[in-house]
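This is start25.cif (mmCIF, C-alpha atoms).
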data_coords
loop_
_atom_site.label_atom_id
_atom_site.label_comp_id
_atom_site.auth_asym_id
_atom_site.auth_seq_id
_atom_site.Cartn_x
_atom_site.Cartn_y
_atom_site.Cartn_z
CA MET C 1 0.00 0.00 0.00
CA ALA C 2 1.05 3.55 -0.65
CA PHE C 3 0.21 6.88 0.99
CA LEU C 4 -2.04 7.85 -1.95
CA GLU C 5 -3.77 5.28 -4.14
CA GLU C 6 -6.13 5.40 -7.09
CA THR C 7 -9.10 4.62 -4.86
CA ASP C 8 -8.37 7.81 -2.88
CA LEU C 9 -8.87 9.83 -6.04
CA LEU C 10 -12.49 8.69 -6.28
CA THR C 11 -13.51 11.30 -3.70
CA SER C 12 -12.59 13.96 -6.28
CA VAL C 13 -13.19 12.36 -9.68
CA TYR C 14 -15.52 9.59 -10.85
CA GLN C 15 -14.10 6.17 -11.73
CA ASN C 16 -15.59 6.23 -15.25
CA LEU C 17 -13.78 9.54 -15.95
CA LEU C 18 -10.51 8.07 -14.70
CA ASP C 19 -11.07 5.07 -16.96
CA VAL C 20 -11.56 7.37 -19.97
CA ILE C 21 -8.33 9.20 -19.19
CA LYS C 22 -6.11 6.20 -18.52
CA GLN C 23 -7.56 4.00 -21.29
CA GLU C 24 -6.33 0.83 -19.57
CA ASP C 25 -2.84 2.29 -19.03
CA GLU C 26 -2.35 2.18 -15.25
CA THR C 27 0.93 4.11 -15.50
CA ILE C 28 -0.95 7.33 -16.30
CA VAL C 29 -2.71 7.44 -12.95
CA GLN C 30 0.34 6.19 -11.09
CA PHE C 31 2.50 8.90 -12.66
CA GLY C 32 0.01 11.58 -11.54
CA ILE C 33 0.00 10.17 -8.01
CA ASP C 34 3.79 9.80 -7.84
CA SER C 35 4.41 13.31 -9.11
CA ALA C 36 1.96 14.76 -6.56
CA LEU C 37 3.64 12.90 -3.71
CA GLU C 38 7.07 13.98 -4.92
CA GLU C 39 5.94 17.61 -5.03
CA ALA C 40 4.53 17.41 -1.50
CA GLN C 41 7.73 15.80 -0.23
CA ALA C 42 9.78 18.58 -1.80
CA TYR C 43 7.87 21.16 0.24
CA LEU C 44 7.94 19.19 3.49
CA LYS C 45 11.38 17.55 3.52
CA ASP C 46 13.30 20.34 5.26
CA ARG C 47 11.23 20.38 8.44
CA TYR C 48 9.15 17.20 8.52
CA ASP C 49 10.03 13.51 8.57
CA THR C 50 8.69 12.67 5.12
CA GLU C 51 9.75 9.01 5.31
CA VAL C 52 7.45 8.48 8.28
CA ILE C 53 4.66 10.68 6.89
CA PHE C 54 4.45 9.03 3.46
CA ALA C 55 4.93 5.50 4.79
CA LYS C 56 1.56 5.65 6.55
CA THR C 57 -1.49 4.00 5.02
CA GLY C 58 -5.21 3.81 5.66
CA ASN C 59 -6.59 5.82 8.58
CA ASP C 60 -3.11 6.60 9.92
CA ARG C 61 -2.55 9.18 7.16
CA ASN C 62 -2.90 12.90 7.81
CA LYS C 63 -6.27 13.73 6.23
CA LEU C 64 -5.39 17.29 5.26
CA LEU C 65 -2.14 16.28 3.58
CA LEU C 66 -3.94 13.40 1.86
CA MET C 67 -6.55 15.82 0.48
CA MET C 68 -3.87 18.20 -0.80
CA CYS C 69 -1.90 15.41 -2.48
CA ARG C 70 -5.11 14.06 -4.01
CA ASP C 71 -6.03 17.46 -5.48
CA ILE C 72 -2.59 17.86 -7.04
CA ALA C 73 -2.67 14.29 -8.39
CA VAL C 74 -6.12 14.73 -9.96
CA TYR C 75 -5.00 17.97 -11.61
CA ASN C 76 -1.88 16.23 -12.96
CA ILE C 77 -3.98 13.36 -14.34
CA ILE C 78 -6.70 15.42 -16.00
CA GLY C 79 -4.07 17.34 -17.94
CA ILE C 80 -3.95 14.37 -20.31
CA SER C 81 -7.63 14.48 -21.19
CA ASN C 82 -10.60 16.43 -19.91
CA PRO C 83 -13.69 14.21 -20.33
CA GLY C 84 -16.39 16.35 -18.75
CA ILE C 85 -14.36 17.39 -15.70
CA ASP C 86 -14.63 20.91 -14.32
CA TYR C 87 -11.07 21.91 -15.18
CA GLU C 88 -11.20 25.32 -13.45
CA ASP C 89 -12.36 23.77 -10.18
CA LYS C 90 -9.54 21.21 -10.26
CA LYS C 91 -7.00 23.91 -11.12
CA ASN C 92 -8.21 26.08 -8.22
CA ARG C 93 -8.04 23.12 -5.83
CA SER C 94 -4.55 22.24 -7.04
CA ASP C 95 -3.38 25.85 -6.67
CA SER C 96 -4.87 25.95 -3.18
CA ALA C 97 -3.03 22.74 -2.28
CA ARG C 98 0.27 24.14 -3.54
CA SER C 99 -0.32 27.36 -1.61
CA TRP C 100 -0.96 25.37 1.57
CA LEU C 101 2.22 23.37 1.04
CA LYS C 102 4.19 26.60 0.61
CA ASN C 103 2.74 27.92 3.88
CA VAL C 104 3.72 24.70 5.63
CA GLN C 105 7.21 25.04 4.19
CA LYS C 106 7.46 28.64 5.47
CA GLY C 107 6.12 27.62 8.87
CA THR C 108 2.99 29.79 8.74
CA SER C 109 0.79 26.69 8.66
CA LYS C 110 1.63 23.93 11.12
CA PRO C 111 -0.08 20.61 10.38
CA SER C 112 0.06 17.76 12.86
CA LEU C 113 2.86 15.90 11.09
CA PRO C 114 5.95 14.23 12.57
CA VAL C 115 8.76 16.79 12.77
CA LYS C 116 12.38 15.89 12.13
CA PRO C 117 14.77 16.14 15.08
CA GLU C 118 16.15 19.67 15.44
CA GLU C 119 19.65 18.71 14.28
CA GLU C 120 18.30 17.25 11.01
CA GLN C 121 16.15 20.24 10.06
CA VAL C 122 17.34 22.64 7.42
CA THR C 123 17.54 26.18 8.74
CA ILE C 124 17.02 28.98 6.28
CA ILE C 125 18.60 32.30 7.14
CA ALA C 126 17.44 35.34 5.25
CA SER C 127 19.86 38.18 4.83
CA GLY C 128 19.65 41.61 3.35
CA SER C 129 20.11 45.26 4.13
CA ASN C 130 18.36 48.57 4.04
CA PRO C 131 18.36 50.52 0.80
CA LYS C 132 21.49 52.57 0.18
CA ARG C 133 21.19 56.16 1.39
CA LYS C 134 22.44 59.10 -0.56
CA GLN C 135 23.78 61.96 1.52
CA HIS C 136 23.49 65.41 -0.01
CA TYR C 137 25.26 68.39 1.59
#

Translate the structure described by the file into structure tokens.
Amino acid sequence: MAFLEETDLLTSVYQNLLDVIKQEDETIVQFGIDSALEEAQAYLKDRYDTEVIFAKTGNDRNKLLLMMCRDIAVYNIIGISNPGIDYEDKKNRSDSARSWLKNVQKGTSKPSLPVKPEEEQVTIIASGSNPKRKQHY
């Protein structure tokens, strides 16, 4: 079992529409799922223990993260074909999921996910200065 499976997508897209898109090629759906999980891991890997998070299955999974990954995966899959799917809705949901992941990455949104030990976390230090002043005498 994986963190996100094809059956999880059925809460966002009907099975018959998935069948039209994949046309008996299971790799299409799996590629959409894998790319969504990879994208989520890229956002979370600096602060959160992604190996533990994405190893969970069934009811042990974080529901909010599961929903966000599902929305991104569905958007990735429907890019191949759009058989009667509300494309704008899926795009908005995917954009919202990406926005949430960016907020988690920044630390402004704090989901209940396993955090890496402090020594393994990547610390980002921002630097800069004030604008240069011009002195006129």

Exercise for review: Rank C:Gln30, C:Asn76, C:Gln23, C:Gln41 by their smallest atom-to-atom distance to C:Glu6, using only C-alpha atoms, and report the top residue only.
Suggested key: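 Nearest candidate to C:Glu6 out of C:Gln30, C:Asn76, C:Gln23, C:Gln41: C:Gln30.
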
Review point. Evaluating the PyMOL selection byres ((chain C and resi 21) around 9) on the displayed file yields which residues, as a PyMOL selection string?
Key: chain C and resi 16-20+22-25+28-29+77-78+80-83

Given the selection you just returned, output its residues as a file containing C-alpha atoms, formatted as a short mmCIF file (atom, residue, chain, number, x, y, z; two decimals), in the coordinates of the input.
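What follows is the written file result_21.cif:
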data_model
loop_
_atom_site.label_atom_id
_atom_site.label_comp_id
_atom_site.auth_asym_id
_atom_site.auth_seq_id
_atom_site.Cartn_x
_atom_site.Cartn_y
_atom_site.Cartn_z
CA ASN C 16 -15.59 6.23 -15.25
CA LEU C 17 -13.78 9.54 -15.95
CA LEU C 18 -10.51 8.07 -14.70
CA ASP C 19 -11.07 5.07 -16.96
CA VAL C 20 -11.56 7.37 -19.97
CA LYS C 22 -6.11 6.20 -18.52
CA GLN C 23 -7.56 4.00 -21.29
CA GLU C 24 -6.33 0.83 -19.57
CA ASP C 25 -2.84 2.29 -19.03
CA ILE C 28 -0.95 7.33 -16.30
CA VAL C 29 -2.71 7.44 -12.95
CA ILE C 77 -3.98 13.36 -14.34
CA ILE C 78 -6.70 15.42 -16.00
CA ILE C 80 -3.95 14.37 -20.31
CA SER C 81 -7.63 14.48 -21.19
CA ASN C 82 -10.60 16.43 -19.91
CA PRO C 83 -13.69 14.21 -20.33
#

Point to revise | Shell of 6 Å around C:Asp49, only C-alpha atoms, local chain residues under 3 positions omitted, as a PyMOL selection string | key: chain C and resi 52+114-116

Review point. If you measure from atom CA of C:Ala73 to atom CA of C:Thr108, what distance in Å do you get, rounded to one decimal?
Key: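 Rounded to one decimal, the two atoms are 23.8 Å apart.
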
Practice item. Give me the result of the PyMOL selection byres ((chain C and resi 7) around 12) on this file, residue by residue, as a PyMOL selection string. Key: chain C and resi 1-6+8-15+18+29-30+33+58+70+74

**Study point:** Nearest residue to C:Ala36 from the set C:Glu88, C:Leu101, C:Arg133, C:Ile72 (distances using only C-alpha atoms)
**Key:**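 Ranked by minimum distance to C:Ala36, first place goes to C:Ile72.
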